[in-house]
Amino acid sequence: MQKKRTPAKRRVRKKPTVELPAKPTTKELLNLRRKISARRPRFVRQESWRYKRVAKSWRKPKGVDSKMRLSVKGWPRAVSVGYGGPRSVKGLHPSGLRDILVHSVAELEKLNPATDAARIGANLGGRKRAQLSLRAKELSIRILNPLRLTAREP
């Protein structure tokens with residue numbers, strides 16, 4: 001009978017301790033988003049510069065021989081994931097607050113002043129806007145489109 005072989009002991013290498021970088025703050029990420037946006041090209045619809053009937057608004061090029069889809073040099077860039085900003089600040093207002101659309105005082109009172117900012121709906125009249133502005137001031141909630149008083153002409 002053969003003697004069972006015991007496996008050799010493995011040498012465990014100690015991994016070098018590496019200092020992990022600190023998690024970036026929201027302010028730093030918003031700043032990074034602004035820099036990325038400045039370098040991002042204007043994405044235009046293919047052939048929109050050639051034909052008046054084709055709007056500039058972005059549509060994905062899907063043609064078989066489309067130069068834009070194939071990313072040929074000299075053609076406008078197509079939208080791709082590499083142009084995106086940091087995920088954690090996606091949809092935030094440049095102030096770092098969440099932009100929440102508000103139509104009533106009840107909706108306004110549900111907001112958290114530390115993380116949310118109110119945007120008053122466009123279909124509200126002057127009286128209701130004034131009410132919302134006063135209540136927002138009491139609750140110390142920031143309004144992104146405040147009531148602008150203009151001098152009326154007689």
# chains A, B, ... in the order shown; residues from 1 in each chain; ligands from 1
>>> residues_around(residues="range 21-32 of chain A", least_positions_apart="3", cutoff="7 Å", atoms="only C-alpha atoms", output="PDB file with C-alpha atoms, in the first residue's frame")
ATOM      1  CA  LYS A  35     -15.484  69.918 -15.783  1.00  0.00           C
ATOM      2  CA  ILE A  36     -16.672  66.819 -17.666  1.00  0.00           C
ATOM      3  CA  PRO A  86     -20.329  60.780 -11.645  1.00  0.00           C
ATOM      4  CA  VAL A  89     -24.497  63.370  -8.355  1.00  0.00           C
ATOM      5  CA  PRO A  94     -25.461  72.470  -9.119  1.00  0.00           C
ATOM      6  CA  GLY A  96     -25.910  69.806  -4.527  1.00  0.00           C
TER       7      GLY A  96
END
>>> atom_distance(atom1="CA of Asp116 in chain A", atom2="CA of Arg142 in chain A")
7.8 Å
>>> closest_residue(among="A:Leu132, A:Val44, A:Ile143, A:Val79", to="Ser104 in chain A", atoms="only C-alpha atoms")
A:Leu132
>>> closest_residue(among="A:Gly121, A:Gly63, A:Pro76, A:Pro16", to="Phe43 in chain A", atoms="only C-alpha atoms")
A:Pro76
>>> select_by_dssp(residues="chain A", states="strand (DSSP E)", output="list in words")
Arg98, Asp99, Ile100, Leu101, Val102, Asp116, Ala117, Ala118, Arg119 and Ile120 of chain A
>>> write_last_selection(atoms="C-alpha atoms", output="mmCIF file, in the first residue's frame")
data_model
loop_
_atom_site.group_PDB
_atom_site.id
_atom_site.type_symbol
_atom_site.label_atom_id
_atom_site.label_comp_id
_atom_site.auth_asym_id
_atom_site.auth_seq_id
_atom_site.Cartn_x
_atom_site.Cartn_y
_atom_site.Cartn_z
ATOM 1 C CA ARG A 98 -32.258 67.441 -5.169
ATOM 2 C CA ASP A 99 -34.543 69.397 -7.508
ATOM 3 C CA ILE A 100 -38.176 68.657 -6.505
ATOM 4 C CA LEU A 101 -41.165 70.043 -8.416
ATOM 5 C CA VAL A 102 -43.801 71.481 -6.049
ATOM 6 C CA ASP A 116 -34.034 69.068 -1.175
ATOM 7 C CA ALA A 117 -34.738 72.287 -3.047
ATOM 8 C CA ALA A 118 -38.170 73.233 -4.391
ATOM 9 C CA ARG A 119 -39.003 74.262 -7.931
ATOM 10 C CA ILE A 120 -42.457 75.838 -8.190
#
>>> closest_residue(among="A:Ala78, A:Pro146, A:Glu19, A:Ala136", to="Pro41 in chain A", atoms="only C-alpha atoms")
A:Ala78
>>> residues_around(residues="Glu47 in chain A", least_positions_apart="6", cutoff="10 Å", atoms="only C-alpha atoms", output="count of residues only")
7
>>> atom_distance(atom1="CA of Leu124 in chain A", atom2="CA of Ser57 in chain A")
29.2 Å
>>> residues_around(residues="Glu138 in chain A", least_positions_apart="5", cutoff="12 Å", atoms="only C-alpha atoms", output="NGL selection string")
:A and (105 or 108-109 or 113 or 131-133)
>>> atom_distance(atom1="CA of Lys90 in chain A", atom2="CA of Ala122 in chain A")
23.3 Å
>>> closest_residue(among="A:Lys73, A:Arg129, A:Tyr83, A:Ser48", to="Leu147 in chain A", atoms="only C-alpha atoms")
A:Arg129
>>> select_by_dssp(residues="chain A", states="helix (DSSP H, G or I)", output="PDB file with N, CA and C atoms, in the first residue's frame")
ATOM      1  N   THR A  26     -19.472  65.275  -2.142  1.00  0.00           N
ATOM      2  CA  THR A  26     -20.458  65.676  -3.150  1.00  0.00           C
ATOM      3  C   THR A  26     -20.003  66.939  -3.869  1.00  0.00           C
ATOM      4  N   LYS A  27     -19.390  67.855  -3.117  1.00  0.00           N
ATOM      5  CA  LYS A  27     -18.921  69.107  -3.711  1.00  0.00           C
ATOM      6  C   LYS A  27     -17.841  68.836  -4.761  1.00  0.00           C
ATOM      7  N   GLU A  28     -16.926  67.917  -4.445  1.00  0.00           N
ATOM      8  CA  GLU A  28     -15.862  67.561  -5.396  1.00  0.00           C
ATOM      9  C   GLU A  28     -16.445  66.880  -6.631  1.00  0.00           C
ATOM     10  N   LEU A  29     -17.444  66.014  -6.418  1.00  0.00           N
ATOM     11  CA  LEU A  29     -18.072  65.320  -7.543  1.00  0.00           C
ATOM     12  C   LEU A  29     -18.857  66.280  -8.432  1.00  0.00           C
ATOM     13  N   LEU A  30     -19.511  67.275  -7.828  1.00  0.00           N
ATOM     14  CA  LEU A  30     -20.229  68.286  -8.611  1.00  0.00           C
ATOM     15  C   LEU A  30     -19.248  69.110  -9.447  1.00  0.00           C
ATOM     16  N   ASN A  31     -18.095  69.405  -8.861  1.00  0.00           N
ATOM     17  CA  ASN A  31     -17.052  70.139  -9.572  1.00  0.00           C
ATOM     18  C   ASN A  31     -16.529  69.304 -10.743  1.00  0.00           C
ATOM     19  N   LEU A  32     -16.325  68.003 -10.501  1.00  0.00           N
ATOM     20  CA  LEU A  32     -15.874  67.092 -11.554  1.00  0.00           C
ATOM     21  C   LEU A  32     -16.914  67.007 -12.664  1.00  0.00           C
ATOM     22  N   ARG A  33     -18.201  66.944 -12.296  1.00  0.00           N
ATOM     23  CA  ARG A  33     -19.273  66.897 -13.282  1.00  0.00           C
ATOM     24  C   ARG A  33     -19.260  68.140 -14.168  1.00  0.00           C
ATOM     25  N   ARG A  34     -19.005  69.298 -13.538  1.00  0.00           N
ATOM     26  CA  ARG A  34     -18.954  70.550 -14.301  1.00  0.00           C
ATOM     27  C   ARG A  34     -17.802  70.523 -15.306  1.00  0.00           C
ATOM     28  N   LYS A  35     -16.649  69.998 -14.888  1.00  0.00           N
ATOM     29  CA  LYS A  35     -15.484  69.918 -15.783  1.00  0.00           C
ATOM     30  C   LYS A  35     -15.731  68.951 -16.937  1.00  0.00           C
ATOM     31  N   ILE A  36     -16.365  67.806 -16.629  1.00  0.00           N
ATOM     32  CA  ILE A  36     -16.672  66.819 -17.666  1.00  0.00           C
ATOM     33  C   ILE A  36     -17.666  67.408 -18.665  1.00  0.00           C
ATOM     34  N   SER A  37     -18.676  68.134 -18.160  1.00  0.00           N
ATOM     35  CA  SER A  37     -19.684  68.745 -19.031  1.00  0.00           C
ATOM     36  C   SER A  37     -19.075  69.779 -19.967  1.00  0.00           C
ATOM     37  N   ALA A  38     -18.060  70.483 -19.482  1.00  0.00           N
ATOM     38  CA  ALA A  38     -17.403  71.504 -20.307  1.00  0.00           C
ATOM     39  C   ALA A  38     -16.670  70.869 -21.484  1.00  0.00           C
ATOM     40  N   ARG A  39     -16.144  69.650 -21.291  1.00  0.00           N
ATOM     41  CA  ARG A  39     -15.399  68.970 -22.348  1.00  0.00           C
ATOM     42  C   ARG A  39     -16.290  68.113 -23.245  1.00  0.00           C
ATOM     43  N   VAL A  81     -21.314  55.852 -23.081  1.00  0.00           N
ATOM     44  CA  VAL A  81     -21.243  55.850 -21.622  1.00  0.00           C
ATOM     45  C   VAL A  81     -20.019  56.620 -21.111  1.00  0.00           C
ATOM     46  N   GLY A  82     -18.974  56.711 -21.878  1.00  0.00           N
ATOM     47  CA  GLY A  82     -17.749  57.378 -21.440  1.00  0.00           C
ATOM     48  C   GLY A  82     -17.886  58.870 -21.217  1.00  0.00           C
ATOM     49  N   TYR A  83     -18.938  59.479 -21.743  1.00  0.00           N
ATOM     50  CA  TYR A  83     -19.128  60.917 -21.586  1.00  0.00           C
ATOM     51  C   TYR A  83     -19.916  61.268 -20.326  1.00  0.00           C
ATOM     52  N   ARG A  87     -21.978  59.107 -11.066  1.00  0.00           N
ATOM     53  CA  ARG A  87     -23.320  58.560 -10.881  1.00  0.00           C
ATOM     54  C   ARG A  87     -24.019  59.125  -9.645  1.00  0.00           C
ATOM     55  N   SER A  88     -23.243  59.336  -8.578  1.00  0.00           N
ATOM     56  CA  SER A  88     -23.862  59.746  -7.313  1.00  0.00           C
ATOM     57  C   SER A  88     -24.425  61.168  -7.341  1.00  0.00           C
ATOM     58  N   VAL A  89     -23.966  62.002  -8.279  1.00  0.00           N
ATOM     59  CA  VAL A  89     -24.497  63.370  -8.355  1.00  0.00           C
ATOM     60  C   VAL A  89     -25.406  63.563  -9.565  1.00  0.00           C
ATOM     61  N   VAL A 105     -48.601  73.579  -0.904  1.00  0.00           N
ATOM     62  CA  VAL A 105     -47.931  73.729   0.392  1.00  0.00           C
ATOM     63  C   VAL A 105     -47.719  72.352   1.026  1.00  0.00           C
ATOM     64  N   ALA A 106     -48.662  71.437   0.821  1.00  0.00           N
ATOM     65  CA  ALA A 106     -48.537  70.081   1.369  1.00  0.00           C
ATOM     66  C   ALA A 106     -47.309  69.365   0.801  1.00  0.00           C
ATOM     67  N   GLU A 107     -47.078  69.530  -0.491  1.00  0.00           N
ATOM     68  CA  GLU A 107     -45.888  68.935  -1.126  1.00  0.00           C
ATOM     69  C   GLU A 107     -44.621  69.592  -0.600  1.00  0.00           C
ATOM     70  N   LEU A 108     -44.687  70.877  -0.365  1.00  0.00           N
ATOM     71  CA  LEU A 108     -43.530  71.630   0.122  1.00  0.00           C
ATOM     72  C   LEU A 108     -43.124  71.173   1.518  1.00  0.00           C
ATOM     73  N   GLU A 109     -44.102  70.861   2.350  1.00  0.00           N
ATOM     74  CA  GLU A 109     -43.820  70.472   3.731  1.00  0.00           C
ATOM     75  C   GLU A 109     -43.203  69.085   3.848  1.00  0.00           C
ATOM     76  N   GLY A 126     -49.673  83.814  -9.377  1.00  0.00           N
ATOM     77  CA  GLY A 126     -48.910  84.671  -8.473  1.00  0.00           C
ATOM     78  C   GLY A 126     -49.271  84.505  -7.016  1.00  0.00           C
ATOM     79  N   ARG A 127     -50.565  84.369  -6.698  1.00  0.00           N
ATOM     80  CA  ARG A 127     -51.003  84.255  -5.309  1.00  0.00           C
ATOM     81  C   ARG A 127     -50.457  82.986  -4.662  1.00  0.00           C
ATOM     82  N   LYS A 128     -50.597  81.873  -5.369  1.00  0.00           N
ATOM     83  CA  LYS A 128     -50.127  80.595  -4.831  1.00  0.00           C
ATOM     84  C   LYS A 128     -48.606  80.570  -4.730  1.00  0.00           C
ATOM     85  N   ARG A 129     -47.931  81.186  -5.694  1.00  0.00           N
ATOM     86  CA  ARG A 129     -46.460  81.283  -5.645  1.00  0.00           C
ATOM     87  C   ARG A 129     -46.024  82.049  -4.402  1.00  0.00           C
ATOM     88  N   ALA A 130     -46.730  83.127  -4.112  1.00  0.00           N
ATOM     89  CA  ALA A 130     -46.408  83.938  -2.933  1.00  0.00           C
ATOM     90  C   ALA A 130     -46.606  83.122  -1.650  1.00  0.00           C
ATOM     91  N   GLN A 131     -47.704  82.354  -1.587  1.00  0.00           N
ATOM     92  CA  GLN A 131     -47.955  81.486  -0.424  1.00  0.00           C
ATOM     93  C   GLN A 131     -46.826  80.471  -0.251  1.00  0.00           C
ATOM     94  N   LEU A 132     -46.449  79.838  -1.358  1.00  0.00           N
ATOM     95  CA  LEU A 132     -45.373  78.843  -1.308  1.00  0.00           C
ATOM     96  C   LEU A 132     -44.050  79.472  -0.893  1.00  0.00           C
ATOM     97  N   SER A 133     -43.780  80.672  -1.395  1.00  0.00           N
ATOM     98  CA  SER A 133     -42.529  81.357  -1.047  1.00  0.00           C
ATOM     99  C   SER A 133     -42.467  81.663   0.448  1.00  0.00           C
ATOM    100  N   LEU A 134     -43.585  82.150   1.016  1.00  0.00           N
ATOM    101  CA  LEU A 134     -43.624  82.458   2.448  1.00  0.00           C
ATOM    102  C   LEU A 134     -43.433  81.197   3.296  1.00  0.00           C
ATOM    103  N   ARG A 135     -44.129  80.121   2.924  1.00  0.00           N
ATOM    104  CA  ARG A 135     -44.032  78.869   3.689  1.00  0.00           C
ATOM    105  C   ARG A 135     -42.633  78.265   3.567  1.00  0.00           C
ATOM    106  N   ALA A 136     -42.028  78.383   2.395  1.00  0.00           N
ATOM    107  CA  ALA A 136     -40.675  77.860   2.189  1.00  0.00           C
ATOM    108  C   ALA A 136     -39.667  78.616   3.043  1.00  0.00           C
ATOM    109  N   LYS A 137     -39.891  79.919   3.195  1.00  0.00           N
ATOM    110  CA  LYS A 137     -39.002  80.733   4.037  1.00  0.00           C
ATOM    111  C   LYS A 137     -39.112  80.297   5.497  1.00  0.00           C
ATOM    112  N   GLU A 138     -40.340  80.007   5.941  1.00  0.00           N
ATOM    113  CA  GLU A 138     -40.554  79.531   7.316  1.00  0.00           C
ATOM    114  C   GLU A 138     -39.872  78.183   7.550  1.00  0.00           C
ATOM    115  N   LEU A 139     -39.951  77.304   6.535  1.00  0.00           N
ATOM    116  CA  LEU A 139     -39.367  75.967   6.657  1.00  0.00           C
ATOM    117  C   LEU A 139     -37.883  75.944   6.283  1.00  0.00           C
TER     118      LEU A 139
END
>>> decode(residues="range 56-106 of chain A", atoms="N, CA and C atoms", output="compact mmCIF listing (two decimals), in the first residue's frame")
# COMPACT_ATOMS: atom_id res chain seq x y z
N LYS A 56 -31.83 69.14 -34.91
CA LYS A 56 -30.54 68.89 -34.28
C LYS A 56 -30.62 67.93 -33.10
N SER A 57 -31.83 67.73 -32.56
CA SER A 57 -31.98 66.90 -31.37
C SER A 57 -31.44 65.49 -31.60
N TRP A 58 -30.75 64.94 -30.62
CA TRP A 58 -30.02 63.69 -30.74
C TRP A 58 -30.93 62.50 -31.05
N ARG A 59 -30.52 61.73 -32.07
CA ARG A 59 -31.11 60.43 -32.38
C ARG A 59 -29.95 59.50 -32.67
N LYS A 60 -30.02 58.28 -32.21
CA LYS A 60 -28.93 57.33 -32.42
C LYS A 60 -28.82 56.95 -33.89
N PRO A 61 -27.62 57.03 -34.49
CA PRO A 61 -27.47 56.62 -35.89
C PRO A 61 -27.55 55.11 -36.01
N LYS A 62 -28.44 54.62 -36.87
CA LYS A 62 -28.67 53.17 -36.97
C LYS A 62 -28.43 52.62 -38.38
N GLY A 63 -27.99 53.45 -39.29
CA GLY A 63 -27.78 52.98 -40.66
C GLY A 63 -26.66 51.96 -40.78
N VAL A 64 -26.76 51.06 -41.75
CA VAL A 64 -25.76 50.01 -41.96
C VAL A 64 -24.39 50.62 -42.28
N ASP A 65 -24.37 51.62 -43.13
CA ASP A 65 -23.11 52.24 -43.54
C ASP A 65 -22.86 53.58 -42.85
N SER A 66 -23.54 53.84 -41.77
CA SER A 66 -23.43 55.13 -41.10
C SER A 66 -22.03 55.39 -40.57
N LYS A 67 -21.44 56.47 -41.03
CA LYS A 67 -20.08 56.84 -40.59
C LYS A 67 -20.07 57.25 -39.13
N MET A 68 -21.16 57.87 -38.70
CA MET A 68 -21.25 58.32 -37.32
C MET A 68 -21.36 57.13 -36.37
N ARG A 69 -22.13 56.12 -36.78
CA ARG A 69 -22.27 54.92 -35.96
C ARG A 69 -20.95 54.18 -35.85
N LEU A 70 -20.17 54.20 -36.92
CA LEU A 70 -18.87 53.52 -36.95
C LEU A 70 -17.76 54.36 -36.32
N SER A 71 -18.08 55.54 -35.84
CA SER A 71 -17.13 56.51 -35.24
C SER A 71 -15.94 56.80 -36.16
N VAL A 72 -16.26 57.17 -37.39
CA VAL A 72 -15.23 57.51 -38.35
C VAL A 72 -14.68 58.89 -38.02
N LYS A 73 -13.36 59.04 -38.16
CA LYS A 73 -12.70 60.31 -37.87
C LYS A 73 -13.28 61.41 -38.77
N GLY A 74 -13.52 62.58 -38.17
CA GLY A 74 -14.07 63.70 -38.92
C GLY A 74 -15.57 63.82 -38.81
N TRP A 75 -16.24 62.80 -38.30
CA TRP A 75 -17.68 62.85 -38.11
C TRP A 75 -17.97 63.19 -36.65
N PRO A 76 -19.14 63.79 -36.37
CA PRO A 76 -19.45 64.14 -34.98
C PRO A 76 -19.47 62.90 -34.08
N ARG A 77 -19.14 63.12 -32.83
CA ARG A 77 -19.14 62.03 -31.85
C ARG A 77 -20.56 61.59 -31.54
N ALA A 78 -20.70 60.31 -31.23
CA ALA A 78 -21.99 59.76 -30.84
C ALA A 78 -22.04 59.65 -29.31
N VAL A 79 -23.22 59.64 -28.77
CA VAL A 79 -23.40 59.51 -27.33
C VAL A 79 -22.89 58.14 -26.89
N SER A 80 -22.08 58.10 -25.83
CA SER A 80 -21.63 56.82 -25.27
C SER A 80 -21.44 56.98 -23.77
N VAL A 81 -21.31 55.85 -23.08
CA VAL A 81 -21.24 55.85 -21.62
C VAL A 81 -20.02 56.62 -21.11
N GLY A 82 -18.97 56.71 -21.88
CA GLY A 82 -17.75 57.38 -21.44
C GLY A 82 -17.89 58.87 -21.22
N TYR A 83 -18.94 59.48 -21.74
CA TYR A 83 -19.13 60.92 -21.59
C TYR A 83 -19.92 61.27 -20.33
N GLY A 84 -20.39 60.28 -19.60
CA GLY A 84 -21.22 60.52 -18.42
C GLY A 84 -20.45 61.07 -17.25
N GLY A 85 -21.16 61.73 -16.35
CA GLY A 85 -20.56 62.27 -15.14
C GLY A 85 -20.67 61.28 -13.99
N PRO A 86 -20.25 61.67 -12.80
CA PRO A 86 -20.33 60.78 -11.65
C PRO A 86 -21.77 60.39 -11.34
N ARG A 87 -21.98 59.11 -11.07
CA ARG A 87 -23.32 58.56 -10.88
C ARG A 87 -24.02 59.12 -9.64
N SER A 88 -23.24 59.34 -8.58
CA SER A 88 -23.86 59.75 -7.31
C SER A 88 -24.43 61.17 -7.34
N VAL A 89 -23.97 62.00 -8.28
CA VAL A 89 -24.50 63.37 -8.35
C VAL A 89 -25.41 63.56 -9.57
N LYS A 90 -25.80 62.46 -10.18
CA LYS A 90 -26.67 62.53 -11.35
C LYS A 90 -28.04 63.08 -10.95
N GLY A 91 -28.51 64.08 -11.66
CA GLY A 91 -29.82 64.66 -11.39
C GLY A 91 -29.85 65.70 -10.29
N LEU A 92 -28.70 65.97 -9.67
CA LEU A 92 -28.67 66.98 -8.62
C LEU A 92 -28.53 68.37 -9.22
N HIS A 93 -29.07 69.36 -8.52
CA HIS A 93 -28.90 70.76 -8.89
C HIS A 93 -27.44 71.13 -8.65
N PRO A 94 -26.86 72.09 -9.37
CA PRO A 94 -25.46 72.47 -9.12
C PRO A 94 -25.15 72.85 -7.67
N SER A 95 -26.18 73.19 -6.89
CA SER A 95 -25.97 73.51 -5.48
C SER A 95 -25.77 72.24 -4.65
N GLY A 96 -26.05 71.07 -5.24
CA GLY A 96 -25.91 69.81 -4.53
C GLY A 96 -27.21 69.31 -3.93
N LEU A 97 -28.30 70.06 -4.13
CA LEU A 97 -29.61 69.67 -3.60
C LEU A 97 -30.44 68.96 -4.67
N ARG A 98 -31.35 68.10 -4.23
CA ARG A 98 -32.26 67.44 -5.17
C ARG A 98 -33.31 68.44 -5.63
N ASP A 99 -33.58 68.47 -6.91
CA ASP A 99 -34.54 69.40 -7.51
C ASP A 99 -35.93 68.75 -7.49
N ILE A 100 -36.84 69.24 -6.65
CA ILE A 100 -38.18 68.66 -6.50
C ILE A 100 -39.23 69.65 -6.98
N LEU A 101 -40.09 69.20 -7.90
CA LEU A 101 -41.17 70.04 -8.42
C LEU A 101 -42.32 70.08 -7.41
N VAL A 102 -42.79 71.29 -7.09
CA VAL A 102 -43.80 71.48 -6.05
C VAL A 102 -44.99 72.26 -6.61
N HIS A 103 -46.21 71.80 -6.26
CA HIS A 103 -47.42 72.48 -6.70
C HIS A 103 -48.29 72.95 -5.55
N SER A 104 -48.00 72.49 -4.33
CA SER A 104 -48.84 72.87 -3.20
C SER A 104 -48.01 72.97 -1.93
N VAL A 105 -48.60 73.58 -0.90
CA VAL A 105 -47.93 73.73 0.39
C VAL A 105 -47.72 72.35 1.03
N ALA A 106 -48.66 71.44 0.82
CA ALA A 106 -48.54 70.08 1.37
C ALA A 106 -47.31 69.37 0.80
